[in-house]
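Shown next: protein-v6.cif, containing mmCIF, C-alpha atoms and all ligand atoms.
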data_upload
loop_
_atom_site.label_atom_id
_atom_site.label_comp_id
_atom_site.auth_asym_id
_atom_site.auth_seq_id
_atom_site.Cartn_x
_atom_site.Cartn_y
_atom_site.Cartn_z
CA MET A 144 -25.78 -5.38 29.79
CA ALA A 145 -24.56 -1.75 29.50
CA ASP A 146 -23.34 -0.35 32.81
CA ALA A 147 -23.28 -3.87 34.35
CA GLU A 148 -20.42 -4.84 36.65
CA VAL A 149 -18.54 -7.84 35.30
CA SER A 150 -15.47 -9.80 36.24
CA ASN A 151 -12.27 -8.83 34.42
CA LYS A 152 -9.40 -11.30 34.21
CA ARG A 153 -6.09 -9.55 33.58
CA VAL A 154 -2.40 -10.39 33.25
CA ILE A 155 -0.12 -8.21 35.36
CA LEU A 156 3.66 -7.94 35.55
CA LYS A 157 4.72 -9.19 38.98
CA GLN A 158 8.24 -7.79 38.94
CA PHE A 159 10.82 -6.32 36.59
CA VAL A 160 12.63 -8.97 34.60
CA THR A 161 16.33 -9.58 34.07
CA GLY A 162 17.53 -12.29 31.70
CA PHE A 163 15.02 -14.66 30.11
CA PRO A 164 11.43 -14.00 31.17
CA THR A 165 9.45 -16.82 32.79
CA GLU A 166 5.74 -17.39 33.30
CA ASP A 167 6.30 -16.55 36.98
CA ASP A 168 7.14 -12.95 36.06
CA MET A 169 3.46 -12.50 35.22
CA GLU A 170 0.27 -13.33 37.10
CA LEU A 171 -3.38 -13.78 36.16
CA VAL A 172 -5.62 -11.83 38.54
CA THR A 173 -9.37 -11.20 38.57
CA ALA A 174 -10.84 -7.75 39.13
CA THR A 175 -14.28 -6.33 38.42
CA VAL A 176 -15.19 -3.54 36.06
CA ARG A 177 -18.29 -1.53 35.14
CA LEU A 178 -19.13 -1.59 31.44
CA ALA A 179 -19.29 2.20 31.24
CA VAL A 180 -17.07 5.23 30.80
CA PRO A 181 -17.16 8.13 33.28
CA ALA A 182 -19.74 10.77 32.36
CA GLY A 183 -18.15 13.55 30.32
CA SER A 184 -14.98 11.61 29.49
CA ALA A 185 -13.87 10.97 25.91
CA SER A 186 -12.70 7.44 26.75
CA VAL A 187 -14.01 4.22 25.29
CA MET A 188 -14.41 0.85 26.97
CA VAL A 189 -13.55 -2.16 24.86
CA LYS A 190 -14.02 -5.88 25.12
CA ASN A 191 -10.75 -7.47 24.01
CA LEU A 192 -11.15 -10.27 21.46
CA TYR A 193 -7.56 -11.07 20.45
CA VAL A 194 -4.22 -9.97 21.86
CA ALA A 195 -0.82 -10.13 20.17
CA CYS A 196 2.34 -11.47 21.77
CA ASP A 197 5.14 -9.28 20.42
CA PRO A 198 8.90 -9.35 21.14
CA TYR A 199 9.05 -5.62 22.08
CA MET A 200 7.03 -6.46 25.22
CA ARG A 201 10.19 -7.99 26.70
CA ASN A 202 11.82 -4.57 26.66
CA ARG A 203 8.88 -3.13 28.59
CA MET A 204 9.38 -5.78 31.29
CA SER A 205 12.84 -4.44 32.20
CA GLU A 206 13.55 -1.58 34.55
CA HIS A 207 14.75 0.95 32.07
CA ASN A 208 18.17 2.36 31.39
CA ASP A 209 19.57 4.60 28.67
CA ALA A 210 18.88 2.06 25.89
CA ALA A 211 15.11 2.13 26.52
CA TYR A 212 13.01 3.10 23.52
CA ILE A 213 9.57 2.47 24.93
CA GLU A 214 7.82 3.02 28.26
CA GLN A 215 8.42 0.31 30.87
CA PHE A 216 5.54 -1.70 32.37
CA VAL A 217 4.59 -0.96 35.97
CA PRO A 218 4.88 -3.96 38.34
CA GLY A 219 1.43 -4.81 39.69
CA GLU A 220 -0.29 -3.24 36.67
CA VAL A 221 -1.84 -4.88 33.63
CA LEU A 222 0.42 -5.43 30.62
CA GLY A 223 -0.14 -3.09 27.69
CA ILE A 224 -0.56 -5.10 24.49
CA PHE A 225 -1.74 -4.76 20.89
CA GLY A 226 -5.20 -6.23 20.44
CA VAL A 227 -8.39 -6.43 18.44
CA SER A 228 -11.38 -5.21 20.42
CA LYS A 229 -15.05 -4.31 20.29
CA VAL A 230 -16.35 -1.03 21.73
CA VAL A 231 -18.84 -1.68 24.57
CA ALA A 232 -19.19 1.90 25.87
CA SER A 233 -18.06 5.20 24.39
CA GLY A 234 -17.77 8.83 25.40
CA HIS A 235 -15.94 9.66 22.18
CA PRO A 236 -17.83 11.05 19.18
CA ASP A 237 -15.79 8.98 16.68
CA PHE A 238 -16.54 5.62 18.32
CA LYS A 239 -19.85 3.92 18.89
CA VAL A 240 -20.86 0.73 20.68
CA GLY A 241 -20.21 -2.27 18.43
CA ASP A 242 -17.29 -0.70 16.51
CA LEU A 243 -14.39 -3.08 15.88
CA VAL A 244 -10.97 -1.54 16.49
CA TRP A 245 -7.32 -2.53 16.83
CA GLY A 246 -4.49 -0.86 18.69
CA MET A 247 -2.88 -0.63 22.11
CA THR A 248 -5.10 -2.07 24.82
CA GLY A 249 -4.64 -3.97 28.10
CA CYS A 250 -3.97 -7.70 28.52
CA GLU A 251 -7.38 -8.21 30.11
CA GLU A 252 -10.95 -8.97 29.16
CA TYR A 253 -12.15 -5.35 29.25
CA SER A 254 -10.09 -2.17 28.98
CA VAL A 255 -10.72 1.55 29.23
CA ILE A 256 -8.87 3.37 26.47
CA THR A 257 -8.34 6.94 27.60
CA HIS A 258 -6.89 8.13 24.25
CA PRO A 259 -9.02 6.34 21.67
CA GLU A 260 -7.49 8.50 18.92
CA SER A 261 -4.66 5.93 18.99
CA LEU A 262 -7.06 3.15 17.90
CA PHE A 263 -7.61 2.13 14.29
CA LYS A 264 -11.04 1.26 12.93
CA ILE A 265 -11.29 -2.15 11.27
CA ASN A 266 -12.34 -1.61 7.68
CA HIS A 267 -12.20 -5.19 6.42
CA PRO A 268 -14.30 -7.31 8.79
CA GLU A 269 -14.73 -9.78 5.92
CA LEU A 270 -11.10 -10.85 6.52
CA PRO A 271 -10.23 -12.77 9.72
CA LEU A 272 -10.38 -10.29 12.62
CA SER A 273 -7.26 -11.85 14.11
CA TYR A 274 -5.29 -10.56 11.09
CA TYR A 275 -5.41 -7.15 12.77
CA THR A 276 -2.90 -8.45 15.34
CA GLY A 277 -0.62 -9.43 12.46
CA VAL A 278 -0.67 -8.92 8.72
CA LEU A 279 -3.18 -6.03 8.92
CA GLY A 280 -1.82 -4.70 12.22
CA MET A 281 1.46 -3.62 13.74
CA PRO A 282 3.68 -6.41 12.30
CA GLY A 283 2.22 -5.84 8.82
CA VAL A 284 3.01 -2.13 8.88
CA THR A 285 6.49 -2.99 10.19
CA ALA A 286 7.21 -5.39 7.34
CA TYR A 287 5.83 -3.07 4.67
CA ALA A 288 7.51 0.12 5.89
CA GLY A 289 10.79 -1.55 6.77
CA PHE A 290 11.05 -3.30 3.45
CA PHE A 291 9.85 -0.62 1.04
CA ASP A 292 10.77 2.62 2.82
CA VAL A 293 13.96 1.64 4.65
CA SER A 294 15.42 -1.10 2.41
CA LYS A 295 14.49 0.60 -0.90
CA PRO A 296 14.33 -2.65 -2.95
CA LYS A 297 15.01 -2.89 -6.66
CA LYS A 298 13.91 -5.73 -8.91
CA GLY A 299 16.54 -8.49 -8.87
CA ASP A 300 18.01 -7.53 -5.48
CA TYR A 301 19.32 -10.34 -3.28
CA VAL A 302 17.40 -10.18 0.01
CA PHE A 303 18.09 -11.99 3.27
CA VAL A 304 15.51 -12.10 6.10
CA SER A 305 16.21 -13.50 9.59
CA ALA A 306 13.46 -14.80 11.93
CA ALA A 307 11.85 -15.30 8.54
CA SER A 308 8.87 -17.43 9.53
CA GLY A 309 7.70 -14.99 12.22
CA ALA A 310 5.01 -12.35 12.04
CA VAL A 311 7.19 -9.75 10.33
CA GLY A 312 9.62 -12.04 8.49
CA GLN A 313 7.04 -14.09 6.57
CA LEU A 314 5.59 -10.85 5.19
CA VAL A 315 8.94 -9.31 4.28
CA GLY A 316 9.78 -12.42 2.28
CA GLN A 317 6.50 -12.36 0.38
CA LEU A 318 6.71 -8.60 -0.26
CA ALA A 319 10.25 -9.11 -1.57
CA LYS A 320 8.96 -11.72 -4.04
CA ILE A 321 6.21 -9.30 -5.16
CA ALA A 322 8.98 -6.73 -5.71
CA GLY A 323 10.86 -9.17 -7.95
CA CYS A 324 13.73 -9.94 -5.57
CA TYR A 325 15.60 -13.17 -4.80
CA VAL A 326 14.83 -14.03 -1.15
CA VAL A 327 16.46 -16.31 1.39
CA GLY A 328 15.24 -16.71 4.97
CA SER A 329 16.65 -18.19 8.16
CA ALA A 330 14.59 -19.83 10.88
CA GLY A 331 15.14 -22.05 13.90
CA SER A 332 13.59 -25.39 12.89
CA ASP A 333 13.27 -27.64 9.84
CA GLU A 334 9.47 -27.25 10.03
CA LYS A 335 9.84 -23.46 9.72
CA VAL A 336 12.37 -23.79 6.87
CA SER A 337 9.95 -25.99 4.97
CA LEU A 338 7.18 -23.43 5.54
CA LEU A 339 9.37 -20.68 4.10
CA LYS A 340 10.06 -22.61 0.91
CA THR A 341 6.72 -24.31 0.32
CA LYS A 342 4.17 -21.83 1.66
CA PHE A 343 5.71 -18.35 1.55
CA GLY A 344 7.66 -18.76 -1.71
CA PHE A 345 11.15 -17.98 -0.42
CA ASP A 346 13.75 -19.02 -3.01
CA ASP A 347 15.85 -20.70 -0.34
CA ALA A 348 15.98 -21.03 3.45
CA PHE A 349 18.14 -22.58 6.16
CA ASN A 350 17.91 -23.66 9.79
CA TYR A 351 20.46 -21.43 11.52
CA LYS A 352 20.56 -23.76 14.53
CA LYS A 353 22.02 -26.53 12.37
CA GLU A 354 24.68 -24.42 10.62
CA GLN A 355 28.23 -24.54 12.03
CA ASP A 356 29.55 -21.49 10.16
CA LEU A 357 27.02 -18.77 9.30
CA ASN A 358 29.51 -16.95 7.09
CA ALA A 359 29.94 -20.09 4.93
CA THR A 360 26.17 -20.67 4.91
CA LEU A 361 25.49 -17.16 3.62
CA LYS A 362 28.23 -17.53 0.98
CA ARG A 363 26.53 -20.72 -0.17
CA CYS A 364 23.10 -19.03 -0.34
CA PHE A 365 24.36 -15.76 -1.82
CA PRO A 366 27.40 -16.44 -4.02
CA LEU A 367 27.12 -12.87 -5.36
CA GLY A 368 26.40 -11.30 -1.95
CA ILE A 369 23.40 -9.68 -0.25
CA ASP A 370 21.84 -6.37 -1.35
CA ILE A 371 19.27 -6.11 1.47
CA TYR A 372 19.37 -7.61 4.93
CA PHE A 373 16.12 -7.33 6.91
CA GLU A 374 17.51 -7.63 10.43
CA ASN A 375 15.34 -9.24 13.08
CA VAL A 376 17.83 -11.07 15.27
CA GLY A 377 21.23 -9.34 15.69
CA GLY A 378 24.24 -11.08 17.30
CA ALA A 379 26.25 -13.66 15.34
CA MET A 380 23.87 -13.52 12.37
CA LEU A 381 24.37 -9.79 11.88
CA ASP A 382 28.12 -10.21 12.07
CA ALA A 383 28.12 -12.95 9.44
CA VAL A 384 25.80 -10.90 7.21
CA LEU A 385 28.18 -7.91 7.30
CA LEU A 386 30.87 -10.07 5.66
CA ASN A 387 28.44 -11.05 2.89
CA MET A 388 26.89 -7.69 2.00
CA ARG A 389 27.40 -6.25 -1.47
CA MET A 390 28.65 -2.75 -2.22
CA HIS A 391 25.97 -0.13 -1.41
CA GLY A 392 23.85 -2.74 0.37
CA ARG A 393 21.11 -1.77 2.81
CA ILE A 394 20.46 -3.21 6.26
CA ALA A 395 17.00 -2.38 7.67
CA VAL A 396 17.31 -2.86 11.41
CA CYS A 397 13.89 -3.94 12.56
CA GLY A 398 14.88 -5.75 15.74
CA MET A 399 17.54 -7.88 17.44
CA ILE A 400 15.64 -10.54 19.34
CA SER A 401 18.77 -12.56 20.19
CA GLN A 402 19.89 -9.63 22.35
CA TYR A 403 16.74 -8.82 24.32
CA ASN A 404 17.42 -11.17 27.24
CA LEU A 405 21.18 -10.61 27.48
CA GLU A 406 22.60 -8.55 30.32
CA LYS A 407 25.61 -7.71 28.14
CA PRO A 408 24.67 -7.41 24.45
CA ASP A 409 27.00 -8.90 21.80
CA GLY A 410 29.20 -6.62 19.76
CA ALA A 411 29.56 -6.78 15.98
CA PRO A 412 33.30 -7.11 15.19
CA ASN A 413 32.67 -6.88 11.44
CA LEU A 414 31.00 -3.46 11.63
CA PHE A 415 33.81 -1.87 9.62
CA CYS A 416 32.28 -3.55 6.54
CA LEU A 417 29.83 -0.62 6.59
CA VAL A 418 32.66 1.66 5.56
CA ALA A 419 34.46 -0.58 3.10
CA LYS A 420 31.25 -1.60 1.28
CA ARG A 421 29.41 1.75 1.62
CA ILE A 422 26.52 0.00 3.34
CA ARG A 423 23.56 1.96 4.73
CA MET A 424 22.37 0.45 8.02
CA GLU A 425 19.22 2.12 9.32
CA GLY A 426 16.94 1.40 12.24
CA PHE A 427 13.25 2.23 12.18
CA MET A 428 10.21 2.17 14.45
CA VAL A 429 6.78 1.16 13.21
CA LEU A 430 5.15 3.94 15.25
CA ASP A 431 6.59 6.45 12.79
CA TYR A 432 4.60 4.80 9.99
CA PHE A 433 1.17 4.52 11.61
CA ASN A 434 0.14 7.68 9.73
CA THR A 435 0.41 5.64 6.52
CA TYR A 436 -2.02 3.01 7.82
CA THR A 437 -5.02 3.71 5.57
CA LYS A 438 -3.01 3.26 2.39
CA PHE A 439 -1.25 0.21 3.83
CA GLU A 440 -4.49 -1.49 4.93
CA LYS A 441 -6.04 -1.05 1.48
CA GLU A 442 -3.01 -2.47 -0.33
CA MET A 443 -2.45 -5.38 2.09
CA ALA A 444 -6.14 -6.33 2.17
CA GLY A 445 -5.98 -6.42 -1.64
CA TYR A 446 -2.97 -8.78 -1.61
CA LEU A 447 -4.74 -11.06 0.88
CA LYS A 448 -7.92 -11.19 -1.16
CA GLU A 449 -6.00 -11.89 -4.37
CA GLY A 450 -4.04 -14.65 -2.62
CA LYS A 451 -0.76 -12.82 -3.32
CA ILE A 452 0.06 -12.85 0.40
CA ILE A 453 -0.78 -15.56 2.88
CA PHE A 454 -0.40 -15.28 6.62
CA VAL A 455 0.33 -18.00 9.15
CA GLU A 456 -0.80 -17.52 12.74
CA ASP A 457 -0.03 -19.47 15.90
CA VAL A 458 -3.26 -19.25 17.89
CA VAL A 459 -3.94 -20.27 21.49
CA GLU A 460 -7.15 -19.62 23.35
CA GLY A 461 -7.63 -18.22 26.88
CA ILE A 462 -6.14 -15.22 28.64
CA GLU A 463 -4.33 -17.55 31.04
CA LYS A 464 -2.20 -18.71 28.08
CA VAL A 465 -0.65 -15.27 27.49
CA PRO A 466 2.44 -15.67 29.73
CA ALA A 467 3.51 -18.97 28.14
CA ALA A 468 2.77 -17.69 24.63
CA LEU A 469 4.77 -14.53 25.24
CA ILE A 470 7.89 -16.20 26.61
CA GLY A 471 7.66 -18.81 23.83
CA LEU A 472 8.74 -16.11 21.35
CA PHE A 473 12.23 -16.19 22.85
CA SER A 474 12.75 -19.91 22.29
CA GLY A 475 11.08 -19.93 18.87
CA ARG A 476 8.09 -21.96 20.04
CA ASN A 477 5.72 -19.95 17.86
CA VAL A 478 5.23 -20.85 14.21
CA GLY A 479 3.97 -17.65 12.61
CA LYS A 480 2.25 -14.77 14.38
CA GLN A 481 1.63 -15.60 18.04
CA LEU A 482 -1.78 -14.44 19.22
CA VAL A 483 -4.20 -15.32 21.97
CA ILE A 484 -8.00 -15.47 21.72
CA ILE A 485 -9.49 -13.69 24.73
CA ALA A 486 -13.15 -13.83 23.64
CA ARG A 487 -15.07 -14.92 20.56
CA GLU A 488 -17.10 -11.68 20.16
N1 LIG B 501 11.15 -1.82 14.67
C1 LIG B 501 9.88 -2.05 14.92
O1 LIG B 501 9.07 -1.14 14.98
C2 LIG B 501 9.43 -3.48 15.14
C3 LIG B 501 8.07 -3.82 15.10
C4 LIG B 501 7.71 -5.18 15.23
C5 LIG B 501 8.71 -6.14 15.42
N2 LIG B 501 10.01 -5.75 15.49
C6 LIG B 501 11.08 -6.74 15.66
O2 LIG B 501 10.99 -7.66 14.58
C7 LIG B 501 11.54 -8.91 14.98
C8 LIG B 501 10.55 -10.02 14.64
O3 LIG B 501 9.36 -9.80 15.38
P1 LIG B 501 8.07 -10.72 15.14
O4 LIG B 501 6.93 -10.03 15.76
O5 LIG B 501 8.02 -11.07 13.70
O6 LIG B 501 8.41 -11.99 16.04
P2 LIG B 501 8.32 -13.50 15.58
O7 LIG B 501 9.34 -13.67 14.50
O8 LIG B 501 6.92 -13.87 15.29
O9 LIG B 501 8.78 -14.28 16.90
C9 LIG B 501 10.07 -14.21 17.35
C10 LIG B 501 10.99 -15.24 16.64
O10 LIG B 501 12.34 -14.86 16.84
C11 LIG B 501 13.15 -15.99 16.76
N3 LIG B 501 14.15 -15.96 17.84
C12 LIG B 501 13.92 -15.98 19.17
N4 LIG B 501 15.08 -15.95 19.85
C13 LIG B 501 16.07 -15.93 18.90
C14 LIG B 501 17.49 -15.91 18.96
N5 LIG B 501 18.15 -15.91 20.13
N6 LIG B 501 18.18 -15.89 17.79
C15 LIG B 501 17.53 -15.92 16.61
N7 LIG B 501 16.20 -15.94 16.49
C16 LIG B 501 15.47 -15.94 17.62
C17 LIG B 501 12.26 -17.23 16.91
O11 LIG B 501 12.17 -17.86 15.64
P3 LIG B 501 13.23 -18.99 15.20
O12 LIG B 501 12.58 -20.31 15.49
O13 LIG B 501 13.41 -18.72 13.75
O14 LIG B 501 14.47 -18.79 16.02
C18 LIG B 501 10.90 -16.62 17.26
O15 LIG B 501 9.84 -17.40 16.77
C19 LIG B 501 11.86 -8.78 16.47
O16 LIG B 501 13.23 -8.47 16.60
C20 LIG B 501 11.01 -7.61 16.90
O17 LIG B 501 11.53 -6.97 18.04
C21 LIG B 501 10.38 -4.45 15.36
#
Kindly transcribe the structure held in the file into structure tokens.
Ligand SMILES: NC(=O)c1ccc[n+]([C@@H]2O[C@H](COP(=O)([O-])OP(=O)(O)OC[C@H]3O[C@@H](n4cnc5c(N)ncnc54)[C@H](OP(=O)(O)O)[C@@H]3O)[C@@H](O)[C@H]2O)c1
Amino acid sequence: MADAEVSNKRVILKQFVTGFPTEDDMELVTATVRLAVPAGSASVMVKNLYVACDPYMRNRMSEHNDAAYIEQFVPGEVLGIFGVSKVVASGHPDFKVGDLVWGMTGCEEYSVITHPESLFKINHPELPLSYYTGVLGMPGVTAYAGFFDVSKPKKGDYVFVSAASGAVGQLVGQLAKIAGCYVVGSAGSDEKVSLLKTKFGFDDAFNYKKEQDLNATLKRCFPLGIDIYFENVGGAMLDAVLLNMRMHGRIAVCGMISQYNLEKPDGAPNLFCLVAKRIRMEGFMVLDYFNTYTKFEKEMAGYLKEGKIIFVEDVVEGIEKVPAALIGLFSGRNVGKQLVIIARE
């Protein structure tokens, strides 16, 4: 099999996107690839097993301006994507054929990784491999770092999480319970709200699409106010939260998914609450925490094995399903971490 030439299905970006992405912005094409790395190179070739659909990918689909925080995709080229993969050829001394890894790969069946130092070895193959696109991968590190390092929780804090049933949100809620906090989540369907309360142990939850007045909803859920807001959505929710924060509250700005497809982002008229209530509002990027991965993986794997954390995934199978799965994030079609099975080992 080694050195064989095989077909390689891949998803490319057809053109830069403005507004809401559609399946037509991407295309499935078939190329061929040799299962080998060039002699003398330190690259590895991987077979991709699972890929993760993540909201940040929308930003990479736009032609970039000053607000860009991550490299744009190149039209006609394969999408970069987080995935779980198996090494099929290696020129790098730290990787051997058969190793299981996770990290940035291509949205295709086989990828050459030219800087394999960016990959993480999978140390808990006894747990579901797909977890390395979620709870044990990038979204897990995001939830852990954003909650503990940025939000600085104390036992008894009142915590609010938006997009709470998603990959990051479901973990933040459960970590907040482990930390002894009171946690409320918002999500976009009654099914998701029920999941938050019955499966993830949130103290309360609401369907933001059914609420007429978010300020009144938050007052109802937090009569004493919010100490920590884990921000995933931005827009009207952020503005209502600002009115309900307590003195010296913390807002960990993880993302603002409601803004990613807007040509003119919303403002936040209530921003002055930061001054009056001495609130600390701080953005963060998961990339800055990847150096803490070993410690994180050990702790999170422990929680999973002890049943202290559970993780819900939304799984579809087949590389051709990636475009629909990816755009589904922006209408809330996913329930839990959206991932796509590319190959079963
Ligand atoms: N800072 C970082 O390094 C970092 C890393 C990873 C993720 N993030 C951010 O974290 C957030 C959550 O990411 P995730 O991976 O956990 O995604 P996710 O929650 O699994 O999926 C996205 C969810 O966002 C909600 N949503 C979509 N459009 C919305 C809108 N207009 N208003 C309100 N909610 C909307 C939908 O749920 P509903 O049905 O509840 O609406 C959807 O299911 C995103 O903002 C993402 O960009 C940041």
List all protein, DNA and RNA residues that have any atom at most 7 Å from ligand LIG 501 (chain B), counting all atoms listed in the file, and write the list as a VMD selection string.
chain A and resid 197 to 199 281 to 282 285 306 to 312 329 to 332 375 to 376 397 to 402 427 to 430 472 to 481
Across A:Leu314, A:Leu405, A:Ile213, A:Val231, the smallest distance to A:Phe454, with all atoms listed in the file counted, is shown by A:Leu314
Could you please determine the separation between atom CA of A:Ala444 and atom CA of A:Leu262 in Å, to one decimal place?
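Calculated distance between atom CA of A:Ala444 and atom CA of A:Leu262 is 18.4 Å.
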Let me know the centre plus edge lengths, in Å and rounded to one decimal, of a box with edges along x, y and z that contains all listed atoms of stretch 467-477 of chain A and is padded by 3 Å on every side, as AutoDock Vina command-line options.
--center_x 7.8 --center_y -18.2 --center_z 23.0 --size_x 16.0 --size_y 13.4 --size_z 16.3
Which one of A:Tyr301, A:Tyr325, A:Tyr275, A:Phe263 sits closest to A:Phe345 if you count all atoms listed in the file?
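Among the listed residues, the smallest separation from A:Phe345 belongs to A:Tyr325.
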Close residues, A:Val189 itself excluded, 12 Å, only C-alpha atoms, min 4 positions apart in chain, as a PDB file with C-alpha atoms, in the frame of the given file:
ATOM      1  CA  ALA A 145     -24.560  -1.750  29.500  1.00  0.00           C
ATOM      2  CA  ASN A 151     -12.270  -8.830  34.420  1.00  0.00           C
ATOM      3  CA  VAL A 176     -15.190  -3.540  36.060  1.00  0.00           C
ATOM      4  CA  ARG A 177     -18.290  -1.530  35.140  1.00  0.00           C
ATOM      5  CA  LEU A 178     -19.130  -1.590  31.440  1.00  0.00           C
ATOM      6  CA  ALA A 179     -19.290   2.200  31.240  1.00  0.00           C
ATOM      7  CA  VAL A 180     -17.070   5.230  30.800  1.00  0.00           C
ATOM      8  CA  TYR A 193      -7.560 -11.070  20.450  1.00  0.00           C
ATOM      9  CA  GLY A 226      -5.200  -6.230  20.440  1.00  0.00           C
ATOM     10  CA  VAL A 227      -8.390  -6.430  18.440  1.00  0.00           C
ATOM     11  CA  SER A 228     -11.380  -5.210  20.420  1.00  0.00           C
ATOM     12  CA  LYS A 229     -15.050  -4.310  20.290  1.00  0.00           C
ATOM     13  CA  VAL A 230     -16.350  -1.030  21.730  1.00  0.00           C
ATOM     14  CA  VAL A 231     -18.840  -1.680  24.570  1.00  0.00           C
ATOM     15  CA  ALA A 232     -19.190   1.900  25.870  1.00  0.00           C
ATOM     16  CA  SER A 233     -18.060   5.200  24.390  1.00  0.00           C
ATOM     17  CA  GLY A 234     -17.770   8.830  25.400  1.00  0.00           C
ATOM     18  CA  PHE A 238     -16.540   5.620  18.320  1.00  0.00           C
ATOM     19  CA  LYS A 239     -19.850   3.920  18.890  1.00  0.00           C
ATOM     20  CA  VAL A 240     -20.860   0.730  20.680  1.00  0.00           C
ATOM     21  CA  GLY A 241     -20.210  -2.270  18.430  1.00  0.00           C
ATOM     22  CA  ASP A 242     -17.290  -0.700  16.510  1.00  0.00           C
ATOM     23  CA  LEU A 243     -14.390  -3.080  15.880  1.00  0.00           C
ATOM     24  CA  VAL A 244     -10.970  -1.540  16.490  1.00  0.00           C
ATOM     25  CA  TRP A 245      -7.320  -2.530  16.830  1.00  0.00           C
ATOM     26  CA  GLY A 246      -4.490  -0.860  18.690  1.00  0.00           C
ATOM     27  CA  MET A 247      -2.880  -0.630  22.110  1.00  0.00           C
ATOM     28  CA  THR A 248      -5.100  -2.070  24.820  1.00  0.00           C
ATOM     29  CA  GLY A 249      -4.640  -3.970  28.100  1.00  0.00           C
ATOM     30  CA  CYS A 250      -3.970  -7.700  28.520  1.00  0.00           C
ATOM     31  CA  GLU A 251      -7.380  -8.210  30.110  1.00  0.00           C
ATOM     32  CA  GLU A 252     -10.950  -8.970  29.160  1.00  0.00           C
ATOM     33  CA  TYR A 253     -12.150  -5.350  29.250  1.00  0.00           C
ATOM     34  CA  SER A 254     -10.090  -2.170  28.980  1.00  0.00           C
ATOM     35  CA  VAL A 255     -10.720   1.550  29.230  1.00  0.00           C
ATOM     36  CA  ILE A 256      -8.870   3.370  26.470  1.00  0.00           C
ATOM     37  CA  THR A 257      -8.340   6.940  27.600  1.00  0.00           C
ATOM     38  CA  PRO A 259      -9.020   6.340  21.670  1.00  0.00           C
ATOM     39  CA  LEU A 262      -7.060   3.150  17.900  1.00  0.00           C
ATOM     40  CA  ALA A 486     -13.150 -13.830  23.640  1.00  0.00           C
ATOM     41  CA  GLU A 488     -17.100 -11.680  20.160  1.00  0.00           C
TER      42      GLU A 488
END
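Between atom CA of A:Met390 and atom CA of A:Ala319 the interatomic distance comes to 19.5 Å.
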Selection near A:Gly299, 9 Å with all atoms listed in the file, sequence-local residues under 5 positions removed, as a count of residues only
4
Quick one: everything within 12 Å of stretch 160-175 of chain A, counting all atoms listed in the file, minus sequence neighbours fewer than 2 positions away in the same chain. Send it as an NGL selection string.
:A and (147-158 or 177-178 or 198 or 200-207 or 215-222 or 250-254 or 400-408 or 461-474)
